[in-house]
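Asks: Structure provided below as structure tokens; questions to follow.
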Amino acid sequence: MVFSDTHLYDASLGTSGAAWDAYMAADRKLLADSEETLKFAFEQVRRVRPGFVLVTGDLTKDGEELCHEKFASYLKGLADAGIQAYVIPGNHDIDNPDAARFLLAGGTERVPSVSPGDFARIYAAYGYDQAMARDPASLSYVASPAPGLWLLLLDSARYERNEALHHPETSGAIRPATFAWIRSRLEEADRLGVAVIAAEHHPLMEHFAGMKAKYPEYVIDDNWKLAALLAAHNVRMIFTGHYHASSIVEHRWEDSDRTGLAGRAIVDVETGSLVTWPCSFRTVQLGADGSLDIRTSRVEQLPSYARAGKSFDVEGRRIIGEGIGNIAATTMNKFRVAQHDIETLTPEIVEAMMAHYKGDAHFPGGDMLTTRGLGLMGRLVVASYNTFVKGLWKTVPPKGVELMEDNDIRIAADGSWAAELPRP
């Protein structure tokens, strides 16, 4: 089973006050519900009893030591049930200056974050002590959860400059020395004839047209260099996160390709966040024939919401939609877009984003972004975001990438896929 961007937040660090309200107004996470959501999801893990669990980074809100220790306690609950977990860090998890307590009086105070060494220590039992090999230059490692299968778990977070920047670096990269380490591990896998599945926090490829243009920090740097290295050594699958969306894309090298990769393909499986609607996670079945069945589950109700007579799914969608709307409206305000145009365009942008988060987006209407009746700046917004919104609705594929169905899908050994899965 695969989780990403759990962003566990210990409520003892505060969930009220002016600073908390301002943070949540500009964010897209259900932080106050993060622990209950994680607890509910891990109950499903114990019910399903997978061979192993993979968590692809951003385990905590902002790398708070308290939150890491709490996350590790939940992983221990899985371990006590005989379920092994493997984790890697995300851009929020290490040396994060934003690790803070929210004060009722309105401000914040800094709390301890964790160093790379702390991360490996806290999660020693959840990957690092099980590692067959560890990269000296990063927190990347190789683990073998089953005979004949290796996990290549890559640390793509860039935390070295966080303190100097006074904020966490959002973008991701593989360190130069790590590329050499990856190549050595993959050559060893080739010699031994084992299958390799990769994972990292940052997406390997664009998941919608306009992704690199609008959000370059959400695709790993030198992505095609890494993709080529993985594919050259028969890695066909990488699990990622970071953008909080349920999305699957594939790249195929043309038969005429002269780099030695002709006919090869690699699939990037991005898993959504437990704290961003629709609060999803994956269940993956590896077939002996090389096929892969991926099913997506959602946390639609929590006990606290049920007791209050509310739907977590409905409330979560409303809260996240309002958060995206606030960000979109604030951005347009900076460019002096007319209020009428902001009120017209914001709901359309929100719907496109929510469709991408959920996955399997299919636009039901006519115009994705209204142009009729807009002023000059409103029309400029449409011109600027047109490709982006079309990409979110999956009507325009990213360059060099094939769009796939994003949730319940069977991917054959040759990279072909079908959206209809047999019943488990």
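We label chains A, B, ... in the order they appear in the structure tokens, count residues from 1 in each chain, and number ligands from 1 in the order shown.
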Which residues, written as number ranges by chain, have at least one atom at most 12 Å from segment 361-369 of chain A, with only C-alpha atoms counted and residues fewer than 5 positions away on the same chain left out?
Replies: A: 208, 245-248, 341-356, 374, 378-396, 403-407
Asks: Which residues are near segment 269-277 of chain A? Cut-off 6 Å, only C-alpha atoms, ignore same chain within fewer than 4 positions. Put them as a list in words.
Replies: Ser4, Asp5, Thr6, Lys29, Leu30, Ser34, Phe239, Thr240, Gly241, His244, Ala245, Ser246, Ser247, Ile248, Gly316 and Arg317 of chain A
Asks: At what distance in Å, to one decimal, does atom CA of Gln339 of chain A lie from atom CA of Ala25 of chain A?
Replies: 19.1 Å
Asks: Find the spatial neighbours of Met205 of chain A, counting only C-alpha atoms, within a cut-off of 9 Å - ignore same-chain residues fewer than 5 positions away - and output them as a list in words.
Replies: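 So, after excluding close chain neighbours, the residues are Val219, Ile220, Asn223, Trp224, Ala227, Val249, Glu250, His251, Asp268, Pro398 and Val401 of chain A.
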Asks: Deliver the residues from the most recent selection as a file, using all heavy atoms, as a CSV table (one decimal), in the first residue's frame.
Replies:
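Saved result, selection_6.csv, follows:
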```csv
chain,number,residue,atom,x,y,z
A,219,VAL,N,8.2,19.2,-10.5
A,219,VAL,CA,8.8,18.1,-11.2
A,219,VAL,C,10.3,18.1,-10.9
A,219,VAL,O,10.9,19.2,-10.8
A,219,VAL,CB,8.6,18.4,-12.8
A,219,VAL,CG1,9.3,17.2,-13.6
A,219,VAL,CG2,7.1,18.5,-13.1
A,220,ILE,N,10.8,17.0,-10.6
A,220,ILE,CA,12.2,16.9,-10.2
A,220,ILE,C,13.2,17.4,-11.2
A,220,ILE,O,12.9,17.3,-12.4
A,220,ILE,CB,12.6,15.4,-9.8
A,220,ILE,CG1,13.9,15.4,-9.0
A,220,ILE,CG2,12.7,14.5,-11.1
A,220,ILE,CD1,14.1,14.1,-8.3
A,223,ASN,N,14.8,15.7,-14.8
A,223,ASN,CA,13.9,14.6,-14.7
A,223,ASN,C,14.2,13.5,-15.8
A,223,ASN,O,14.1,12.3,-15.6
A,223,ASN,CB,12.4,15.0,-14.7
A,223,ASN,CG,12.0,15.7,-16.0
A,223,ASN,OD1,12.8,16.6,-16.5
A,223,ASN,ND2,10.9,15.3,-16.6
A,224,TRP,N,14.5,14.0,-17.0
A,224,TRP,CA,14.7,13.0,-18.1
A,224,TRP,C,16.0,12.3,-17.9
A,224,TRP,O,16.1,11.1,-18.4
A,224,TRP,CB,14.6,13.7,-19.5
A,224,TRP,CG,13.2,14.2,-19.7
A,224,TRP,CD1,12.8,15.5,-20.0
A,224,TRP,CD2,12.0,13.4,-19.8
A,224,TRP,NE1,11.4,15.5,-20.1
A,224,TRP,CE2,10.9,14.3,-20.1
A,224,TRP,CE3,11.7,12.0,-19.6
A,224,TRP,CZ2,9.6,13.8,-20.2
A,224,TRP,CZ3,10.4,11.6,-19.7
A,224,TRP,CH2,9.4,12.5,-20.0
A,227,ALA,N,14.9,9.6,-15.5
A,227,ALA,CA,14.0,8.7,-16.2
A,227,ALA,C,14.8,7.7,-17.1
A,227,ALA,O,14.6,6.5,-17.1
A,227,ALA,CB,13.0,9.4,-17.0
A,249,VAL,N,1.0,8.8,-15.1
A,249,VAL,CA,1.4,9.1,-16.5
A,249,VAL,C,2.5,8.2,-16.9
A,249,VAL,O,3.2,7.5,-16.1
A,249,VAL,CB,1.9,10.6,-16.7
A,249,VAL,CG1,0.8,11.6,-16.4
A,249,VAL,CG2,3.1,10.9,-15.8
A,250,GLU,N,2.7,8.1,-18.2
A,250,GLU,CA,3.8,7.1,-18.8
A,250,GLU,C,4.5,7.8,-19.9
A,250,GLU,O,4.0,8.6,-20.6
A,250,GLU,CB,3.1,5.9,-19.3
A,250,GLU,CG,4.0,4.9,-19.9
A,250,GLU,CD,3.3,3.7,-20.5
A,250,GLU,OE1,2.3,3.9,-21.3
A,250,GLU,OE2,3.6,2.5,-20.2
A,251,HIS,N,5.8,7.5,-19.9
A,251,HIS,CA,6.7,8.0,-21.0
A,251,HIS,C,7.2,6.7,-21.8
A,251,HIS,O,7.7,5.8,-21.1
A,251,HIS,CB,7.8,8.8,-20.6
A,251,HIS,CG,8.8,9.2,-21.7
A,251,HIS,ND1,8.4,10.1,-22.7
A,251,HIS,CD2,10.0,8.7,-22.1
A,251,HIS,CE1,9.4,10.2,-23.5
A,251,HIS,NE2,10.4,9.4,-23.2
A,268,ASP,N,5.0,6.8,-14.0
A,268,ASP,CA,5.1,7.6,-12.7
A,268,ASP,C,3.7,7.6,-12.1
A,268,ASP,O,2.7,8.2,-12.6
A,268,ASP,CB,5.5,9.1,-13.1
A,268,ASP,CG,5.6,10.0,-11.9
A,268,ASP,OD1,5.3,9.6,-10.8
A,268,ASP,OD2,6.1,11.1,-12.1
A,398,PRO,N,0.7,16.4,-21.4
A,398,PRO,CA,2.0,17.1,-21.3
A,398,PRO,C,2.9,16.6,-22.5
A,398,PRO,O,2.7,15.5,-23.0
A,398,PRO,CB,2.5,16.6,-20.0
A,398,PRO,CG,1.3,16.1,-19.2
A,398,PRO,CD,0.4,15.6,-20.3
A,401,VAL,N,4.5,12.8,-22.7
A,401,VAL,CA,3.9,11.9,-21.7
A,401,VAL,C,2.5,11.5,-22.1
A,401,VAL,O,1.7,12.3,-22.7
A,401,VAL,CB,3.8,12.7,-20.3
A,401,VAL,CG1,2.9,12.0,-19.3
A,401,VAL,CG2,5.2,13.0,-19.8
```
Asks: Considering only strand (DSSP E or B) as DSSP defines it on the backbone, what residues of segment 129-261 of chain A qualify? List them as a PyMOL selection string.
Replies: chain A and resi 133-134+141-146+149-153+157+172+195-199+237-240+247-252
Asks: Return as a list in words the full set of residues in segment 198-300 of chain A whose backbone-based DSSP assignment is alpha helix (DSSP H).
Replies: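 These are the residues in question: Met211, Lys212, Ala213, Lys214, Asn223, Trp224, Lys225, Leu226, Ala227, Ala228, Leu229, Leu230, Ala231 and Ala232 of chain A.
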Asks: Any idea what's packed within 8 Å of Pro97 of chain A, counting only C-alpha atoms, ignoring anything in its chain fewer than 5 positions away? Could you give it as JSON, numbers by chain?
Replies: {"A": [110, 113, 162, 163, 166, 167, 168]}
Asks: Could you write out the selected residues, including all heavy atoms, as a PDB file, in the first residue's frame?
Replies:
```
ATOM      1  N   ARG A 110       9.057  28.951  17.287  1.00  0.00           N
ATOM      2  CA  ARG A 110       9.721  27.853  16.618  1.00  0.00           C
ATOM      3  C   ARG A 110       9.858  26.647  17.551  1.00  0.00           C
ATOM      4  O   ARG A 110      10.081  26.811  18.758  1.00  0.00           O
ATOM      5  CB  ARG A 110      11.101  28.295  16.123  1.00  0.00           C
ATOM      6  CG  ARG A 110      11.753  27.296  15.184  1.00  0.00           C
ATOM      7  CD  ARG A 110      12.866  27.910  14.382  1.00  0.00           C
ATOM      8  NE  ARG A 110      13.517  26.912  13.560  1.00  0.00           N
ATOM      9  CZ  ARG A 110      14.522  27.162  12.746  1.00  0.00           C
ATOM     10  NH1 ARG A 110      14.991  28.405  12.634  1.00  0.00           N
ATOM     11  NH2 ARG A 110      15.070  26.204  12.028  1.00  0.00           N
ATOM     12  N   SER A 113      13.021  21.018  14.686  1.00  0.00           N
ATOM     13  CA  SER A 113      12.852  20.181  13.498  1.00  0.00           C
ATOM     14  C   SER A 113      13.865  19.038  13.602  1.00  0.00           C
ATOM     15  O   SER A 113      14.493  18.861  14.652  1.00  0.00           O
ATOM     16  CB  SER A 113      13.079  21.013  12.227  1.00  0.00           C
ATOM     17  OG  SER A 113      12.870  20.234  11.070  1.00  0.00           O
ATOM     18  N   ASN A 162      17.916  25.140   3.608  1.00  0.00           N
ATOM     19  CA  ASN A 162      16.685  25.616   4.244  1.00  0.00           C
ATOM     20  C   ASN A 162      16.937  26.706   5.278  1.00  0.00           C
ATOM     21  O   ASN A 162      16.220  27.716   5.329  1.00  0.00           O
ATOM     22  CB  ASN A 162      15.940  24.451   4.905  1.00  0.00           C
ATOM     23  CG  ASN A 162      15.209  23.581   3.891  1.00  0.00           C
ATOM     24  OD1 ASN A 162      15.160  23.896   2.710  1.00  0.00           O
ATOM     25  ND2 ASN A 162      14.658  22.476   4.364  1.00  0.00           N
ATOM     26  N   GLU A 163      17.924  26.502   6.125  1.00  0.00           N
ATOM     27  CA  GLU A 163      18.197  27.490   7.175  1.00  0.00           C
ATOM     28  C   GLU A 163      18.621  28.821   6.570  1.00  0.00           C
ATOM     29  O   GLU A 163      18.185  29.893   7.025  1.00  0.00           O
ATOM     30  CB  GLU A 163      19.267  26.970   8.129  1.00  0.00           C
ATOM     31  CG  GLU A 163      18.788  25.869   9.064  1.00  0.00           C
ATOM     32  CD  GLU A 163      17.756  26.371  10.067  1.00  0.00           C
ATOM     33  OE1 GLU A 163      17.684  27.593  10.304  1.00  0.00           O
ATOM     34  OE2 GLU A 163      17.028  25.537  10.630  1.00  0.00           O
ATOM     35  N   HIS A 166      15.617  30.486   5.089  1.00  0.00           N
ATOM     36  CA  HIS A 166      14.584  30.771   6.091  1.00  0.00           C
ATOM     37  C   HIS A 166      13.230  30.169   5.712  1.00  0.00           C
ATOM     38  O   HIS A 166      12.187  30.590   6.220  1.00  0.00           O
ATOM     39  CB  HIS A 166      14.426  32.282   6.329  1.00  0.00           C
ATOM     40  CG  HIS A 166      15.712  32.947   6.736  1.00  0.00           C
ATOM     41  ND1 HIS A 166      16.353  32.673   7.927  1.00  0.00           N
ATOM     42  CD2 HIS A 166      16.486  33.861   6.092  1.00  0.00           C
ATOM     43  CE1 HIS A 166      17.458  33.390   8.010  1.00  0.00           C
ATOM     44  NE2 HIS A 166      17.571  34.113   6.917  1.00  0.00           N
ATOM     45  N   HIS A 167      13.238  29.203   4.810  1.00  0.00           N
ATOM     46  CA  HIS A 167      12.023  28.455   4.462  1.00  0.00           C
ATOM     47  C   HIS A 167      12.457  27.170   3.765  1.00  0.00           C
ATOM     48  O   HIS A 167      13.578  27.085   3.239  1.00  0.00           O
ATOM     49  CB  HIS A 167      11.098  29.274   3.557  1.00  0.00           C
ATOM     50  CG  HIS A 167      11.683  29.607   2.216  1.00  0.00           C
ATOM     51  ND1 HIS A 167      11.708  28.709   1.174  1.00  0.00           N
ATOM     52  CD2 HIS A 167      12.283  30.741   1.764  1.00  0.00           C
ATOM     53  CE1 HIS A 167      12.288  29.265   0.123  1.00  0.00           C
ATOM     54  NE2 HIS A 167      12.644  30.493   0.448  1.00  0.00           N
ATOM     55  N   PRO A 168      11.611  26.154   3.717  1.00  0.00           N
ATOM     56  CA  PRO A 168      11.993  24.898   3.069  1.00  0.00           C
ATOM     57  C   PRO A 168      12.017  25.031   1.548  1.00  0.00           C
ATOM     58  O   PRO A 168      11.135  25.669   0.956  1.00  0.00           O
ATOM     59  CB  PRO A 168      10.917  23.910   3.525  1.00  0.00           C
ATOM     60  CG  PRO A 168       9.732  24.766   3.834  1.00  0.00           C
ATOM     61  CD  PRO A 168      10.288  26.064   4.358  1.00  0.00           C
TER      62      PRO A 168
END
```
Asks: Tell me which protein, DNA and RNA residues are within 6 Å of segment 149-151 of chain A, counting only C-alpha atoms, leaving out same-chain ones fewer than 5 positions away, and put them as a ChimeraX atom specification.
Replies: /A:142-144,194-198
Asks: For those residues, write all heavy atoms to a file as a CSV table (one decimal), in the first residue's frame.
Replies:
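part-v3.csv, written as the output of this step:
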```csv
chain,number,residue,atom,x,y,z
A,142,VAL,N,18.4,1.3,-0.6
A,142,VAL,CA,17.8,0.1,-1.2
A,142,VAL,C,17.3,-0.9,-0.2
A,142,VAL,O,18.0,-1.2,0.8
A,142,VAL,CB,18.7,-0.6,-2.2
A,142,VAL,CG1,18.1,-1.8,-2.8
A,142,VAL,CG2,19.1,0.4,-3.3
A,143,ALA,N,16.1,-1.4,-0.3
A,143,ALA,CA,15.6,-2.4,0.6
A,143,ALA,C,14.9,-3.5,-0.3
A,143,ALA,O,14.5,-3.3,-1.4
A,143,ALA,CB,14.5,-1.8,1.5
A,144,SER,N,14.9,-4.7,0.3
A,144,SER,CA,14.3,-5.8,-0.4
A,144,SER,C,13.1,-6.3,0.4
A,144,SER,O,13.3,-7.1,1.4
A,144,SER,CB,15.3,-6.9,-0.6
A,144,SER,OG,14.7,-8.0,-1.3
A,194,VAL,N,17.1,-9.2,-10.4
A,194,VAL,CA,16.0,-8.8,-9.5
A,194,VAL,C,15.2,-7.6,-10.1
A,194,VAL,O,15.7,-6.8,-10.9
A,194,VAL,CB,16.4,-8.4,-8.1
A,194,VAL,CG1,17.1,-9.6,-7.4
A,194,VAL,CG2,17.3,-7.2,-8.1
A,195,ALA,N,13.9,-7.6,-9.8
A,195,ALA,CA,13.1,-6.5,-10.3
A,195,ALA,C,13.2,-5.3,-9.3
A,195,ALA,O,13.5,-5.5,-8.1
A,195,ALA,CB,11.6,-6.9,-10.3
A,196,VAL,N,13.1,-4.1,-9.9
A,196,VAL,CA,13.3,-2.9,-9.1
A,196,VAL,C,12.2,-1.9,-9.3
A,196,VAL,O,11.8,-1.6,-10.4
A,196,VAL,CB,14.6,-2.1,-9.4
A,196,VAL,CG1,14.8,-0.9,-8.6
A,196,VAL,CG2,15.8,-3.0,-9.3
A,197,ILE,N,11.6,-1.5,-8.2
A,197,ILE,CA,10.6,-0.4,-8.2
A,197,ILE,C,11.2,0.8,-7.5
A,197,ILE,O,11.8,0.7,-6.4
A,197,ILE,CB,9.3,-0.8,-7.5
A,197,ILE,CG1,8.6,-1.9,-8.3
A,197,ILE,CG2,8.4,0.4,-7.3
A,197,ILE,CD1,7.4,-2.5,-7.6
A,198,ALA,N,11.1,2.0,-8.1
A,198,ALA,CA,11.6,3.2,-7.5
A,198,ALA,C,10.6,4.0,-6.8
A,198,ALA,O,9.4,3.9,-7.1
A,198,ALA,CB,12.3,4.0,-8.6
```
Asks: Do you know which residues are at most 8 Å from segment 72-80 of chain A counting only C-alpha atoms, after dropping those on the same chain fewer than 4 positions away, and could you put them as a compact mmCIF listing (two decimals) with C-alpha atoms, in the first residue's frame?
Replies:
```
# COMPACT_ATOMS: atom_id res chain seq x y z
CA LYS A 39 -5.25 6.54 12.21
CA PHE A 42 -3.73 2.70 8.98
CA VAL A 45 -3.74 -1.20 6.29
CA ARG A 46 -4.11 -3.63 9.18
CA HIS A 68 8.01 12.75 13.36
CA GLN A 84 6.80 -3.48 7.37
CA ALA A 85 6.86 0.17 6.25
CA ILE A 122 13.61 8.05 14.07
CA TYR A 123 12.73 5.84 11.10
CA TYR A 126 11.01 1.71 8.88
```
Asks: Of the candidates A:Met132, A:Ala328, A:Ala419, A:Val2, which shows the shortest atom-to-atom distance to Phe52 of chain A, using only C-alpha atoms?
Replies: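 Of A:Met132, A:Ala328, A:Ala419, A:Val2, the one nearest Phe52 of chain A is A:Val2, counting only C-alpha atoms.
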Asks: What is the distance between atom CA of Ser156 of chain A and atom CA of Trp253 of chain A, in Å to one decimal?
Replies: 24.0 Å
Asks: Of the candidates A:Arg28, A:Arg185, A:Arg175, A:His233, which shows the shortest atom-to-atom distance to Ile266 of chain A, using only C-alpha atoms?
Replies: A:His233
Asks: Using only C-alpha atoms, find the one residue out of A:Tyr218, A:Tyr128, A:Trp417, A:Tyr9 that sits nearest to Asp33 of chain A.
Replies: A:Tyr9
